[in-house]
file upload35.pdb (PDB, C-alpha atoms and all ligand atoms)
ATOM      1  CA  MET H   8      19.617  24.127 -41.902  1.00  0.00           C
ATOM      2  CA  VAL H   9      20.350  24.715 -38.231  1.00  0.00           C
ATOM      3  CA  THR H  10      18.696  27.845 -36.867  1.00  0.00           C
ATOM      4  CA  PRO H  11      21.270  29.963 -35.012  1.00  0.00           C
ATOM      5  CA  PRO H  12      20.487  30.546 -31.341  1.00  0.00           C
ATOM      6  CA  ALA H  13      18.687  33.781 -30.514  1.00  0.00           C
ATOM      7  CA  LEU H  14      21.156  36.562 -29.844  1.00  0.00           C
ATOM      8  CA  PRO H  15      21.119  38.130 -26.400  1.00  0.00           C
ATOM      9  CA  GLN H  16      19.519  41.560 -26.298  1.00  0.00           C
ATOM     10  CA  SER H  17      23.005  43.052 -26.123  1.00  0.00           C
ATOM     11  CA  ASP H  18      26.340  41.334 -26.352  1.00  0.00           C
ATOM     12  CA  VAL H  19      28.318  44.451 -25.521  1.00  0.00           C
ATOM     13  CA  ALA H  20      30.135  44.301 -22.204  1.00  0.00           C
ATOM     14  CA  ILE H  21      28.989  47.086 -19.896  1.00  0.00           C
ATOM     15  CA  GLY H  22      30.899  48.776 -17.073  1.00  0.00           C
ATOM     16  CA  ILE H  23      28.889  50.361 -14.261  1.00  0.00           C
ATOM     17  CA  PHE H  24      30.501  52.893 -11.938  1.00  0.00           C
ATOM     18  CA  GLY H  25      28.109  53.860  -9.163  1.00  0.00           C
ATOM     19  CA  GLY H  26      28.615  56.606  -6.614  1.00  0.00           C
ATOM     20  CA  THR H  27      27.092  59.653  -5.041  1.00  0.00           C
ATOM     21  CA  PHE H  28      29.155  62.039  -7.206  1.00  0.00           C
ATOM     22  CA  ASP H  29      28.485  64.971  -4.869  1.00  0.00           C
ATOM     23  CA  PRO H  30      30.214  66.356  -6.953  1.00  0.00           C
ATOM     24  CA  VAL H  31      31.947  64.241  -9.614  1.00  0.00           C
ATOM     25  CA  HIS H  32      35.703  64.949  -9.835  1.00  0.00           C
ATOM     26  CA  PHE H  33      38.802  64.018 -11.812  1.00  0.00           C
ATOM     27  CA  GLY H  34      39.500  61.054  -9.486  1.00  0.00           C
ATOM     28  CA  HIS H  35      36.265  59.417 -10.653  1.00  0.00           C
ATOM     29  CA  LEU H  36      36.722  60.436 -14.276  1.00  0.00           C
ATOM     30  CA  ARG H  37      40.327  59.263 -14.616  1.00  0.00           C
ATOM     31  CA  ALA H  38      39.430  55.928 -12.999  1.00  0.00           C
ATOM     32  CA  ALA H  39      36.522  55.476 -15.423  1.00  0.00           C
ATOM     33  CA  VAL H  40      38.693  56.185 -18.457  1.00  0.00           C
ATOM     34  CA  GLU H  41      41.439  53.796 -17.346  1.00  0.00           C
ATOM     35  CA  VAL H  42      39.094  50.910 -16.507  1.00  0.00           C
ATOM     36  CA  ARG H  43      37.295  51.380 -19.820  1.00  0.00           C
ATOM     37  CA  GLU H  44      40.582  51.130 -21.694  1.00  0.00           C
ATOM     38  CA  LYS H  45      42.001  48.238 -19.667  1.00  0.00           C
ATOM     39  CA  LEU H  46      38.848  46.141 -20.108  1.00  0.00           C
ATOM     40  CA  GLY H  47      38.218  47.308 -23.676  1.00  0.00           C
ATOM     41  CA  LEU H  48      34.658  48.391 -22.867  1.00  0.00           C
ATOM     42  CA  ALA H  49      32.587  50.215 -25.468  1.00  0.00           C
ATOM     43  CA  ASP H  50      30.039  51.193 -22.822  1.00  0.00           C
ATOM     44  CA  LEU H  51      31.065  52.553 -19.429  1.00  0.00           C
ATOM     45  CA  ARG H  52      28.282  54.158 -17.414  1.00  0.00           C
ATOM     46  CA  LEU H  53      28.595  56.477 -14.459  1.00  0.00           C
ATOM     47  CA  LEU H  54      25.521  55.856 -12.399  1.00  0.00           C
ATOM     48  CA  PRO H  55      24.616  58.370  -9.683  1.00  0.00           C
ATOM     49  CA  ALA H  56      22.796  56.993  -6.641  1.00  0.00           C
ATOM     50  CA  GLY H  57      19.364  58.555  -6.366  1.00  0.00           C
ATOM     51  CA  ASP H  58      18.894  57.928  -2.658  1.00  0.00           C
ATOM     52  CA  PRO H  59      22.123  56.311  -1.413  1.00  0.00           C
ATOM     53  CA  PRO H  60      21.341  53.839   1.397  1.00  0.00           C
ATOM     54  CA  HIS H  61      24.848  54.111   2.920  1.00  0.00           C
ATOM     55  CA  ARG H  62      24.814  57.857   3.398  1.00  0.00           C
ATOM     56  CA  SER H  63      22.858  60.123   5.692  1.00  0.00           C
ATOM     57  CA  GLY H  64      22.111  62.332   2.697  1.00  0.00           C
ATOM     58  CA  THR H  65      23.789  64.257  -0.053  1.00  0.00           C
ATOM     59  CA  VAL H  66      24.311  68.015  -0.288  1.00  0.00           C
ATOM     60  CA  ALA H  67      23.351  68.415  -3.939  1.00  0.00           C
ATOM     61  CA  THR H  68      20.060  66.890  -5.055  1.00  0.00           C
ATOM     62  CA  ALA H  69      20.012  63.802  -7.267  1.00  0.00           C
ATOM     63  CA  VAL H  70      19.023  65.959 -10.240  1.00  0.00           C
ATOM     64  CA  GLN H  71      21.930  68.343  -9.601  1.00  0.00           C
ATOM     65  CA  ARG H  72      24.448  65.490  -9.206  1.00  0.00           C
ATOM     66  CA  LEU H  73      23.161  64.020 -12.445  1.00  0.00           C
ATOM     67  CA  ALA H  74      23.482  67.371 -14.239  1.00  0.00           C
ATOM     68  CA  MET H  75      27.097  67.758 -13.044  1.00  0.00           C
ATOM     69  CA  LEU H  76      27.952  64.261 -14.276  1.00  0.00           C
ATOM     70  CA  ARG H  77      26.482  65.020 -17.691  1.00  0.00           C
ATOM     71  CA  LEU H  78      28.577  68.169 -17.952  1.00  0.00           C
ATOM     72  CA  ALA H  79      31.703  66.323 -16.783  1.00  0.00           C
ATOM     73  CA  ILE H  80      31.591  63.556 -19.369  1.00  0.00           C
ATOM     74  CA  ALA H  81      30.429  65.708 -22.287  1.00  0.00           C
ATOM     75  CA  SER H  82      33.876  65.781 -23.887  1.00  0.00           C
ATOM     76  CA  CYS H  83      34.895  62.194 -23.139  1.00  0.00           C
ATOM     77  CA  PRO H  84      33.846  59.649 -25.766  1.00  0.00           C
ATOM     78  CA  GLY H  85      33.030  56.209 -24.358  1.00  0.00           C
ATOM     79  CA  LEU H  86      31.687  57.463 -21.028  1.00  0.00           C
ATOM     80  CA  GLN H  87      27.944  57.681 -20.487  1.00  0.00           C
ATOM     81  CA  VAL H  88      25.584  58.568 -17.671  1.00  0.00           C
ATOM     82  CA  ASP H  89      22.883  56.143 -16.540  1.00  0.00           C
ATOM     83  CA  ASP H  90      20.117  58.004 -14.700  1.00  0.00           C
ATOM     84  CA  ARG H  91      17.952  55.035 -13.678  1.00  0.00           C
ATOM     85  CA  GLU H  92      18.511  55.384  -9.915  1.00  0.00           C
ATOM     86  CA  VAL H  93      17.577  59.062 -10.046  1.00  0.00           C
ATOM     87  CA  ARG H  94      14.362  58.182 -11.872  1.00  0.00           C
ATOM     88  CA  ARG H  95      13.531  55.285  -9.543  1.00  0.00           C
ATOM     89  CA  ALA H  96      11.741  55.960  -6.254  1.00  0.00           C
ATOM     90  CA  GLY H  97      13.018  54.555  -2.954  1.00  0.00           C
ATOM     91  CA  PRO H  98      16.504  53.620  -1.751  1.00  0.00           C
ATOM     92  CA  SER H  99      19.061  52.997  -4.504  1.00  0.00           C
ATOM     93  CA  PHE H 100      20.154  49.424  -3.963  1.00  0.00           C
ATOM     94  CA  MET H 101      22.831  48.253  -6.390  1.00  0.00           C
ATOM     95  CA  PHE H 102      21.205  44.825  -6.385  1.00  0.00           C
ATOM     96  CA  ASP H 103      18.012  46.295  -7.924  1.00  0.00           C
ATOM     97  CA  THR H 104      20.011  48.350 -10.399  1.00  0.00           C
ATOM     98  CA  LEU H 105      22.111  45.415 -11.602  1.00  0.00           C
ATOM     99  CA  THR H 106      19.018  43.217 -11.846  1.00  0.00           C
ATOM    100  CA  GLU H 107      17.472  45.795 -14.184  1.00  0.00           C
ATOM    101  CA  ILE H 108      20.616  46.180 -16.275  1.00  0.00           C
ATOM    102  CA  ARG H 109      21.045  42.399 -16.474  1.00  0.00           C
ATOM    103  CA  SER H 110      17.516  42.059 -17.868  1.00  0.00           C
ATOM    104  CA  GLU H 111      18.394  44.562 -20.600  1.00  0.00           C
ATOM    105  CA  ALA H 112      21.882  43.233 -21.326  1.00  0.00           C
ATOM    106  CA  GLY H 113      21.033  39.583 -21.892  1.00  0.00           C
ATOM    107  CA  ALA H 114      24.166  37.453 -21.471  1.00  0.00           C
ATOM    108  CA  ALA H 115      26.640  40.294 -21.928  1.00  0.00           C
ATOM    109  CA  PRO H 116      29.393  40.606 -19.313  1.00  0.00           C
ATOM    110  CA  LEU H 117      28.628  43.264 -16.699  1.00  0.00           C
ATOM    111  CA  PHE H 118      31.414  44.866 -14.673  1.00  0.00           C
ATOM    112  CA  LEU H 119      30.631  46.669 -11.442  1.00  0.00           C
ATOM    113  CA  LEU H 120      33.433  49.143 -10.696  1.00  0.00           C
ATOM    114  CA  ILE H 121      34.083  50.024  -7.095  1.00  0.00           C
ATOM    115  CA  GLY H 122      36.925  51.619  -5.173  1.00  0.00           C
ATOM    116  CA  GLN H 123      38.974  49.606  -2.703  1.00  0.00           C
ATOM    117  CA  ASP H 124      37.319  51.428   0.218  1.00  0.00           C
ATOM    118  CA  ALA H 125      33.857  50.441  -0.979  1.00  0.00           C
ATOM    119  CA  ALA H 126      34.939  46.845  -1.751  1.00  0.00           C
ATOM    120  CA  ASN H 127      36.104  46.354   1.819  1.00  0.00           C
ATOM    121  CA  MET H 128      32.567  47.124   2.986  1.00  0.00           C
ATOM    122  CA  LEU H 129      30.684  45.190   0.322  1.00  0.00           C
ATOM    123  CA  ASP H 130      29.130  42.865   2.912  1.00  0.00           C
ATOM    124  CA  THR H 131      27.093  45.805   4.232  1.00  0.00           C
ATOM    125  CA  TRP H 132      25.328  46.165   0.864  1.00  0.00           C
ATOM    126  CA  HIS H 133      21.788  44.874   0.333  1.00  0.00           C
ATOM    127  CA  ARG H 134      21.862  41.253  -0.962  1.00  0.00           C
ATOM    128  CA  TRP H 135      25.612  41.519  -1.527  1.00  0.00           C
ATOM    129  CA  ARG H 136      26.210  37.837  -2.241  1.00  0.00           C
ATOM    130  CA  GLU H 137      23.800  37.946  -5.173  1.00  0.00           C
ATOM    131  CA  LEU H 138      25.716  40.791  -6.811  1.00  0.00           C
ATOM    132  CA  PHE H 139      28.209  38.150  -8.001  1.00  0.00           C
ATOM    133  CA  ASP H 140      25.398  36.400  -9.899  1.00  0.00           C
ATOM    134  CA  LEU H 141      24.727  39.620 -11.778  1.00  0.00           C
ATOM    135  CA  ALA H 142      28.150  41.128 -12.519  1.00  0.00           C
ATOM    136  CA  HIS H 143      31.892  40.830 -12.199  1.00  0.00           C
ATOM    137  CA  LEU H 144      33.410  43.045  -9.549  1.00  0.00           C
ATOM    138  CA  VAL H 145      36.253  45.322 -10.646  1.00  0.00           C
ATOM    139  CA  VAL H 146      38.047  46.756  -7.647  1.00  0.00           C
ATOM    140  CA  MET H 147      39.977  49.927  -8.448  1.00  0.00           C
ATOM    141  CA  ARG H 148      42.899  50.107  -6.109  1.00  0.00           C
ATOM    142  CA  ARG H 149      45.854  52.267  -5.247  1.00  0.00           C
ATOM    143  CA  PRO H 150      49.251  50.689  -5.873  1.00  0.00           C
ATOM    144  CA  ASP H 151      49.743  50.180  -2.112  1.00  0.00           C
ATOM    145  CA  ALA H 152      46.145  49.376  -1.125  1.00  0.00           C
ATOM    146  CA  HIS H 153      44.963  45.889  -0.185  1.00  0.00           C
ATOM    147  CA  PHE H 154      41.755  44.095   0.555  1.00  0.00           C
ATOM    148  CA  GLN H 155      40.974  44.664   4.210  1.00  0.00           C
ATOM    149  CA  CYS H 156      37.990  42.493   4.807  1.00  0.00           C
ATOM    150  CA  ALA H 157      37.393  39.365   6.824  1.00  0.00           C
ATOM    151  CA  GLY H 158      35.023  36.441   7.204  1.00  0.00           C
ATOM    152  CA  GLU H 159      32.631  35.542   4.458  1.00  0.00           C
ATOM    153  CA  LEU H 160      33.405  38.534   2.255  1.00  0.00           C
ATOM    154  CA  ARG H 161      37.104  37.698   2.277  1.00  0.00           C
ATOM    155  CA  ARG H 162      36.378  34.073   1.388  1.00  0.00           C
ATOM    156  CA  GLU H 163      34.074  35.097  -1.483  1.00  0.00           C
ATOM    157  CA  ILE H 164      36.655  37.479  -2.904  1.00  0.00           C
ATOM    158  CA  GLU H 165      39.525  34.984  -2.621  1.00  0.00           C
ATOM    159  CA  ARG H 166      37.435  32.277  -4.250  1.00  0.00           C
ATOM    160  CA  ARG H 167      36.396  34.460  -7.174  1.00  0.00           C
ATOM    161  CA  ARG H 168      39.582  36.374  -7.727  1.00  0.00           C
ATOM    162  CA  VAL H 169      41.259  36.479 -11.144  1.00  0.00           C
ATOM    163  CA  ASP H 170      44.452  38.339 -12.031  1.00  0.00           C
ATOM    164  CA  GLU H 171      44.009  39.057 -15.718  1.00  0.00           C
ATOM    165  CA  PRO H 172      41.240  41.069 -17.439  1.00  0.00           C
ATOM    166  CA  GLY H 173      41.243  38.417 -20.189  1.00  0.00           C
ATOM    167  CA  ARG H 174      39.993  35.840 -17.660  1.00  0.00           C
ATOM    168  CA  LEU H 175      36.727  37.792 -17.329  1.00  0.00           C
ATOM    169  CA  GLN H 176      35.799  37.839 -20.971  1.00  0.00           C
ATOM    170  CA  GLY H 177      34.183  34.424 -21.295  1.00  0.00           C
ATOM    171  CA  ALA H 178      31.627  34.786 -18.472  1.00  0.00           C
ATOM    172  CA  ALA H 179      28.811  37.227 -17.815  1.00  0.00           C
ATOM    173  CA  ALA H 180      29.396  37.583 -14.056  1.00  0.00           C
ATOM    174  CA  GLY H 181      30.957  36.083 -10.963  1.00  0.00           C
ATOM    175  CA  SER H 182      34.652  37.014 -10.821  1.00  0.00           C
ATOM    176  CA  VAL H 183      36.613  39.650  -8.928  1.00  0.00           C
ATOM    177  CA  LEU H 184      39.425  41.558 -10.609  1.00  0.00           C
ATOM    178  CA  ALA H 185      41.619  44.088  -8.832  1.00  0.00           C
ATOM    179  CA  LEU H 186      42.890  46.745 -11.207  1.00  0.00           C
ATOM    180  CA  GLU H 187      45.563  49.243 -10.347  1.00  0.00           C
ATOM    181  CA  ILE H 188      44.621  52.632 -11.657  1.00  0.00           C
ATOM    182  CA  THR H 189      46.116  56.066 -11.275  1.00  0.00           C
ATOM    183  CA  GLN H 190      44.655  57.300  -8.027  1.00  0.00           C
ATOM    184  CA  LEU H 191      44.333  61.026  -7.804  1.00  0.00           C
ATOM    185  CA  ASP H 192      44.045  62.023  -4.179  1.00  0.00           C
ATOM    186  CA  ILE H 193      40.787  63.882  -4.733  1.00  0.00           C
ATOM    187  CA  SER H 194      37.479  63.353  -2.991  1.00  0.00           C
ATOM    188  CA  ALA H 195      34.093  65.010  -3.182  1.00  0.00           C
ATOM    189  CA  THR H 196      34.504  65.827   0.512  1.00  0.00           C
ATOM    190  CA  LEU H 197      37.651  67.807  -0.319  1.00  0.00           C
ATOM    191  CA  ILE H 198      35.860  69.774  -3.044  1.00  0.00           C
ATOM    192  CA  ARG H 199      32.827  70.545  -0.872  1.00  0.00           C
ATOM    193  CA  GLY H 200      35.218  71.759   1.820  1.00  0.00           C
ATOM    194  CA  LEU H 201      37.015  74.089  -0.583  1.00  0.00           C
ATOM    195  CA  PHE H 202      33.735  75.655  -1.705  1.00  0.00           C
ATOM    196  CA  ALA H 203      32.610  76.035   1.903  1.00  0.00           C
ATOM    197  CA  GLN H 204      35.844  77.910   2.680  1.00  0.00           C
ATOM    198  CA  GLY H 205      35.620  80.068  -0.444  1.00  0.00           C
ATOM    199  CA  ARG H 206      38.795  78.459  -1.826  1.00  0.00           C
ATOM    200  CA  SER H 207      39.526  77.406  -5.401  1.00  0.00           C
ATOM    201  CA  PRO H 208      38.536  73.925  -6.653  1.00  0.00           C
ATOM    202  CA  CYS H 209      40.367  74.469  -9.969  1.00  0.00           C
ATOM    203  CA  TYR H 210      42.060  71.395 -11.500  1.00  0.00           C
ATOM    204  CA  LEU H 211      40.176  68.993  -9.215  1.00  0.00           C
ATOM    205  CA  THR H 212      36.994  68.791 -11.297  1.00  0.00           C
ATOM    206  CA  PRO H 213      36.063  70.066 -14.789  1.00  0.00           C
ATOM    207  CA  ASP H 214      35.442  73.791 -15.232  1.00  0.00           C
ATOM    208  CA  SER H 215      31.902  73.053 -16.425  1.00  0.00           C
ATOM    209  CA  VAL H 216      31.165  71.412 -13.049  1.00  0.00           C
ATOM    210  CA  ILE H 217      32.686  74.355 -11.153  1.00  0.00           C
ATOM    211  CA  GLU H 218      30.510  76.764 -13.154  1.00  0.00           C
ATOM    212  CA  TYR H 219      27.407  74.695 -12.374  1.00  0.00           C
ATOM    213  CA  ILE H 220      28.232  74.676  -8.651  1.00  0.00           C
ATOM    214  CA  HIS H 221      28.633  78.460  -8.645  1.00  0.00           C
ATOM    215  CA  ALA H 222      25.463  79.003 -10.682  1.00  0.00           C
ATOM    216  CA  HIS H 223      23.421  76.850  -8.284  1.00  0.00           C
ATOM    217  CA  ARG H 224      25.162  78.103  -5.128  1.00  0.00           C
ATOM    218  CA  LEU H 225      26.042  74.595  -4.040  1.00  0.00           C
ATOM    219  CA  TYR H 226      28.403  73.691  -1.176  1.00  0.00           C
ATOM    220  CA  SER H 227      29.011  77.294  -0.135  1.00  0.00           C
ATOM    221  CA  ASN H 228      27.103  77.349   3.161  1.00  0.00           C
ATOM    222  CA  GLY H 229      24.895  80.077   1.718  1.00  0.00           C
TER
HETATM  223  P1  LIG K 301      32.843  61.576  -0.631  1.00  0.00           P
HETATM  224  O1  LIG K 301      34.129  62.315  -0.391  1.00  0.00           O
HETATM  225  O2  LIG K 301      31.619  62.451  -0.591  1.00  0.00           O
HETATM  226  O3  LIG K 301      32.704  60.340   0.239  1.00  0.00           O
HETATM  227  P2  LIG K 301      33.949  60.316  -3.047  1.00  0.00           P
HETATM  228  O4  LIG K 301      34.867  61.319  -3.652  1.00  0.00           O
HETATM  229  O5  LIG K 301      34.562  59.166  -2.295  1.00  0.00           O
HETATM  230  O6  LIG K 301      32.841  61.060  -2.144  1.00  0.00           O
HETATM  231  P3  LIG K 301      31.828  58.754  -4.188  1.00  0.00           P
HETATM  232  O7  LIG K 301      30.819  59.275  -5.138  1.00  0.00           O
HETATM  233  O8  LIG K 301      31.383  58.463  -2.811  1.00  0.00           O
HETATM  234  O9  LIG K 301      33.055  59.799  -4.196  1.00  0.00           O
HETATM  235  O10 LIG K 301      32.591  57.507  -4.777  1.00  0.00           O
HETATM  236  C1  LIG K 301      32.095  56.685  -5.775  1.00  0.00           C
HETATM  237  C2  LIG K 301      33.148  55.654  -6.096  1.00  0.00           C
HETATM  238  O11 LIG K 301      34.313  56.317  -6.594  1.00  0.00           O
HETATM  239  C3  LIG K 301      33.622  54.814  -4.892  1.00  0.00           C
HETATM  240  O12 LIG K 301      33.732  53.474  -5.326  1.00  0.00           O
HETATM  241  C4  LIG K 301      34.977  55.399  -4.558  1.00  0.00           C
HETATM  242  O13 LIG K 301      35.834  54.409  -4.027  1.00  0.00           O
HETATM  243  C5  LIG K 301      35.470  55.865  -5.924  1.00  0.00           C
HETATM  244  N1  LIG K 301      36.386  57.002  -5.818  1.00  0.00           N
HETATM  245  C6  LIG K 301      36.224  58.115  -5.108  1.00  0.00           C
HETATM  246  N2  LIG K 301      37.268  58.948  -5.241  1.00  0.00           N
HETATM  247  C7  LIG K 301      38.132  58.325  -6.081  1.00  0.00           C
HETATM  248  C8  LIG K 301      39.427  58.673  -6.618  1.00  0.00           C
HETATM  249  N3  LIG K 301      40.036  59.805  -6.298  1.00  0.00           N
HETATM  250  N4  LIG K 301      39.987  57.799  -7.472  1.00  0.00           N
HETATM  251  C9  LIG K 301      39.372  56.629  -7.770  1.00  0.00           C
HETATM  252  N5  LIG K 301      38.172  56.244  -7.297  1.00  0.00           N
HETATM  253  C10 LIG K 301      37.548  57.075  -6.470  1.00  0.00           C
END

call {"tool": "encode", "arguments": {"input": "upload35.pdb", "output": "structure tokens"}}
result
Amino acid sequence: MVTPPALPQSDVAIGIFGGTFDPVHFGHLRAAVEVREKLGLADLRLLPAGDPPHRSGTVATAVQRLAMLRLAIASCPGLQVDDREVRRAGPSFMFDTLTEIRSEAGAAPLFLLIGQDAANMLDTWHRWRELFDLAHLVVMRRPDAHFQCAGELRREIERRRVDEPGRLQGAAAGSVLALEITQLDISATLIRGLFAQGRSPCYLTPDSVIEYIHAHRLYSNG
């Protein structure tokens, strides 16, 4: 009898949506839900950056941003929070994070979700070329937004681009898919600004997040 090959540690495709989430808002959450449904993912993880290398700093601490994310997804089945970057010391490089997740996921497809704005700057990320060895890239774009990158990044994206989610299913990593999702014109910057001005953030982020921000006196300039 032929012995079946050893199963990978996990054969469940995983979506990874990284960000600072300072704070998380409905723009992030709606995007996560739509990508999860369009790719048929059982496991979609929002992954807050512990110490984001591209930012001069966050307003809320990593632990507070993590707590807000947990509150935000509490009532949404299929979304999870991955806290590994908050637990890990040092700068939060996506390359290190994906390397860790790849070692846990075996040969399962990994999908790294990023917004169009972030995709256009991918070549500023640590070891960006090797990200394609670890995951597929899913670029969440506005209906009228386009890739605005040049040089090597543009060539990599053109070379790897596929148009259909089904084309990603057979491989663990290496392709780029642009997905149109409902873009709510909400940013964390907008929400921080509203709190700083004493204005209402209602209907931009879940009530549980708003309550947390008030309870911890975040974003209000004292
Ligand atoms: P800030 O205003 O502080 O820069 P942000 O609202 O852009 O924050 P981030 O945590 O920096 O949020 O973003 C994480 C990811 O979420 C990025 O890939 C970004 O493109 C994407 N994103 C941010 N806002 C939206 C939105 N309204 N809809 C879809 N994706 C979004």

call {"tool": "resolve_selection", "arguments": {"input": "upload35.pdb", "expression": "the PyMOL selection byres (((chain H and resi 151-164) around 12) and not hetatm)", "output": "PDB file with C-alpha atoms, in the frame of the given file"}}
result
ATOM      1  CA  GLY H 122      36.925  51.619  -5.173  1.00  0.00           C
ATOM      2  CA  GLN H 123      38.974  49.606  -2.703  1.00  0.00           C
ATOM      3  CA  ASP H 124      37.319  51.428   0.218  1.00  0.00           C
ATOM      4  CA  ALA H 125      33.857  50.441  -0.979  1.00  0.00           C
ATOM      5  CA  ALA H 126      34.939  46.845  -1.751  1.00  0.00           C
ATOM      6  CA  ASN H 127      36.104  46.354   1.819  1.00  0.00           C
ATOM      7  CA  MET H 128      32.567  47.124   2.986  1.00  0.00           C
ATOM      8  CA  LEU H 129      30.684  45.190   0.322  1.00  0.00           C
ATOM      9  CA  ASP H 130      29.130  42.865   2.912  1.00  0.00           C
ATOM     10  CA  THR H 131      27.093  45.805   4.232  1.00  0.00           C
ATOM     11  CA  TRP H 132      25.328  46.165   0.864  1.00  0.00           C
ATOM     12  CA  TRP H 135      25.612  41.519  -1.527  1.00  0.00           C
ATOM     13  CA  ARG H 136      26.210  37.837  -2.241  1.00  0.00           C
ATOM     14  CA  GLU H 137      23.800  37.946  -5.173  1.00  0.00           C
ATOM     15  CA  LEU H 138      25.716  40.791  -6.811  1.00  0.00           C
ATOM     16  CA  PHE H 139      28.209  38.150  -8.001  1.00  0.00           C
ATOM     17  CA  HIS H 143      31.892  40.830 -12.199  1.00  0.00           C
ATOM     18  CA  LEU H 144      33.410  43.045  -9.549  1.00  0.00           C
ATOM     19  CA  VAL H 145      36.253  45.322 -10.646  1.00  0.00           C
ATOM     20  CA  VAL H 146      38.047  46.756  -7.647  1.00  0.00           C
ATOM     21  CA  MET H 147      39.977  49.927  -8.448  1.00  0.00           C
ATOM     22  CA  ARG H 148      42.899  50.107  -6.109  1.00  0.00           C
ATOM     23  CA  ARG H 149      45.854  52.267  -5.247  1.00  0.00           C
ATOM     24  CA  PRO H 150      49.251  50.689  -5.873  1.00  0.00           C
ATOM     25  CA  GLU H 165      39.525  34.984  -2.621  1.00  0.00           C
ATOM     26  CA  ARG H 166      37.435  32.277  -4.250  1.00  0.00           C
ATOM     27  CA  ARG H 167      36.396  34.460  -7.174  1.00  0.00           C
ATOM     28  CA  ARG H 168      39.582  36.374  -7.727  1.00  0.00           C
ATOM     29  CA  VAL H 169      41.259  36.479 -11.144  1.00  0.00           C
ATOM     30  CA  GLY H 181      30.957  36.083 -10.963  1.00  0.00           C
ATOM     31  CA  SER H 182      34.652  37.014 -10.821  1.00  0.00           C
ATOM     32  CA  VAL H 183      36.613  39.650  -8.928  1.00  0.00           C
ATOM     33  CA  LEU H 184      39.425  41.558 -10.609  1.00  0.00           C
ATOM     34  CA  ALA H 185      41.619  44.088  -8.832  1.00  0.00           C
ATOM     35  CA  LEU H 186      42.890  46.745 -11.207  1.00  0.00           C
ATOM     36  CA  GLU H 187      45.563  49.243 -10.347  1.00  0.00           C
ATOM     37  CA  ILE H 188      44.621  52.632 -11.657  1.00  0.00           C
ATOM     38  CA  THR H 189      46.116  56.066 -11.275  1.00  0.00           C
ATOM     39  CA  GLN H 190      44.655  57.300  -8.027  1.00  0.00           C
TER      40      GLN H 190
END

call {"tool": "residues_around", "arguments": {"input": "upload35.pdb", "residues": "Phe28 (chain H)", "least_positions_apart": "6", "cutoff": "9 Å", "atoms": "all atoms listed in the file", "output": "PyMOL selection string"}}
result
chain H and resi 35+54-56+72-73+75-76+195

call {"tool": "resolve_selection", "arguments": {"input": "upload35.pdb", "expression": "the PyMOL selection byres (((chain H and resi 80) around 12) and not hetatm)", "output": "JSON, numbers by chain"}}
result
{"H": [31, 32, 33, 35, 36, 37, 39, 40, 51, 52, 53, 73, 74, 75, 76, 77, 78, 79, 81, 82, 83, 84, 85, 86, 87, 88, 89, 212, 213, 214, 215, 216]}

call {"tool": "closest_residue", "arguments": {"input": "upload35.pdb", "among": "H:Asp140, H:Asp192, H:Glu44, H:Glu107", "to": "Arg95 (chain H)", "atoms": "all atoms listed in the file"}}
result
H:Glu107

call {"tool": "resolve_selection", "arguments": {"input": "upload35.pdb", "expression": "the PyMOL selection byres (((chain H and resi 19) around 12) and not hetatm)", "output": "list in words"}}
result
Leu14, Pro15, Gln16, Ser17, Asp18, Ala20, Ile21, Gly22, Leu46, Gly47, Leu48, Ala49, Asp50, Leu51, Arg109, Glu111, Ala112, Gly113, Ala114, Ala115, Pro116, Leu117, Phe118, Gln176 and Ala179 of chain H

call {"tool": "write_last_selection", "arguments": {"input": "upload35.pdb", "atoms": "C-alpha atoms", "output": "PDB file, in the coordinates of the input"}}
result
ATOM      1  CA  LEU H  14      21.156  36.562 -29.844  1.00  0.00           C
ATOM      2  CA  PRO H  15      21.119  38.130 -26.400  1.00  0.00           C
ATOM      3  CA  GLN H  16      19.519  41.560 -26.298  1.00  0.00           C
ATOM      4  CA  SER H  17      23.005  43.052 -26.123  1.00  0.00           C
ATOM      5  CA  ASP H  18      26.340  41.334 -26.352  1.00  0.00           C
ATOM      6  CA  ALA H  20      30.135  44.301 -22.204  1.00  0.00           C
ATOM      7  CA  ILE H  21      28.989  47.086 -19.896  1.00  0.00           C
ATOM      8  CA  GLY H  22      30.899  48.776 -17.073  1.00  0.00           C
ATOM      9  CA  LEU H  46      38.848  46.141 -20.108  1.00  0.00           C
ATOM     10  CA  GLY H  47      38.218  47.308 -23.676  1.00  0.00           C
ATOM     11  CA  LEU H  48      34.658  48.391 -22.867  1.00  0.00           C
ATOM     12  CA  ALA H  49      32.587  50.215 -25.468  1.00  0.00           C
ATOM     13  CA  ASP H  50      30.039  51.193 -22.822  1.00  0.00           C
ATOM     14  CA  LEU H  51      31.065  52.553 -19.429  1.00  0.00           C
ATOM     15  CA  ARG H 109      21.045  42.399 -16.474  1.00  0.00           C
ATOM     16  CA  GLU H 111      18.394  44.562 -20.600  1.00  0.00           C
ATOM     17  CA  ALA H 112      21.882  43.233 -21.326  1.00  0.00           C
ATOM     18  CA  GLY H 113      21.033  39.583 -21.892  1.00  0.00           C
ATOM     19  CA  ALA H 114      24.166  37.453 -21.471  1.00  0.00           C
ATOM     20  CA  ALA H 115      26.640  40.294 -21.928  1.00  0.00           C
ATOM     21  CA  PRO H 116      29.393  40.606 -19.313  1.00  0.00           C
ATOM     22  CA  LEU H 117      28.628  43.264 -16.699  1.00  0.00           C
ATOM     23  CA  PHE H 118      31.414  44.866 -14.673  1.00  0.00           C
ATOM     24  CA  GLN H 176      35.799  37.839 -20.971  1.00  0.00           C
ATOM     25  CA  ALA H 179      28.811  37.227 -17.815  1.00  0.00           C
TER      26      ALA H 179
END

call {"tool": "atom_distance", "arguments": {"input": "upload35.pdb", "atom1": "atom C1 of ligand LIG 301 (chain K)", "atom2": "CA of Gly205 (chain H)"}}
result
24.2 Å
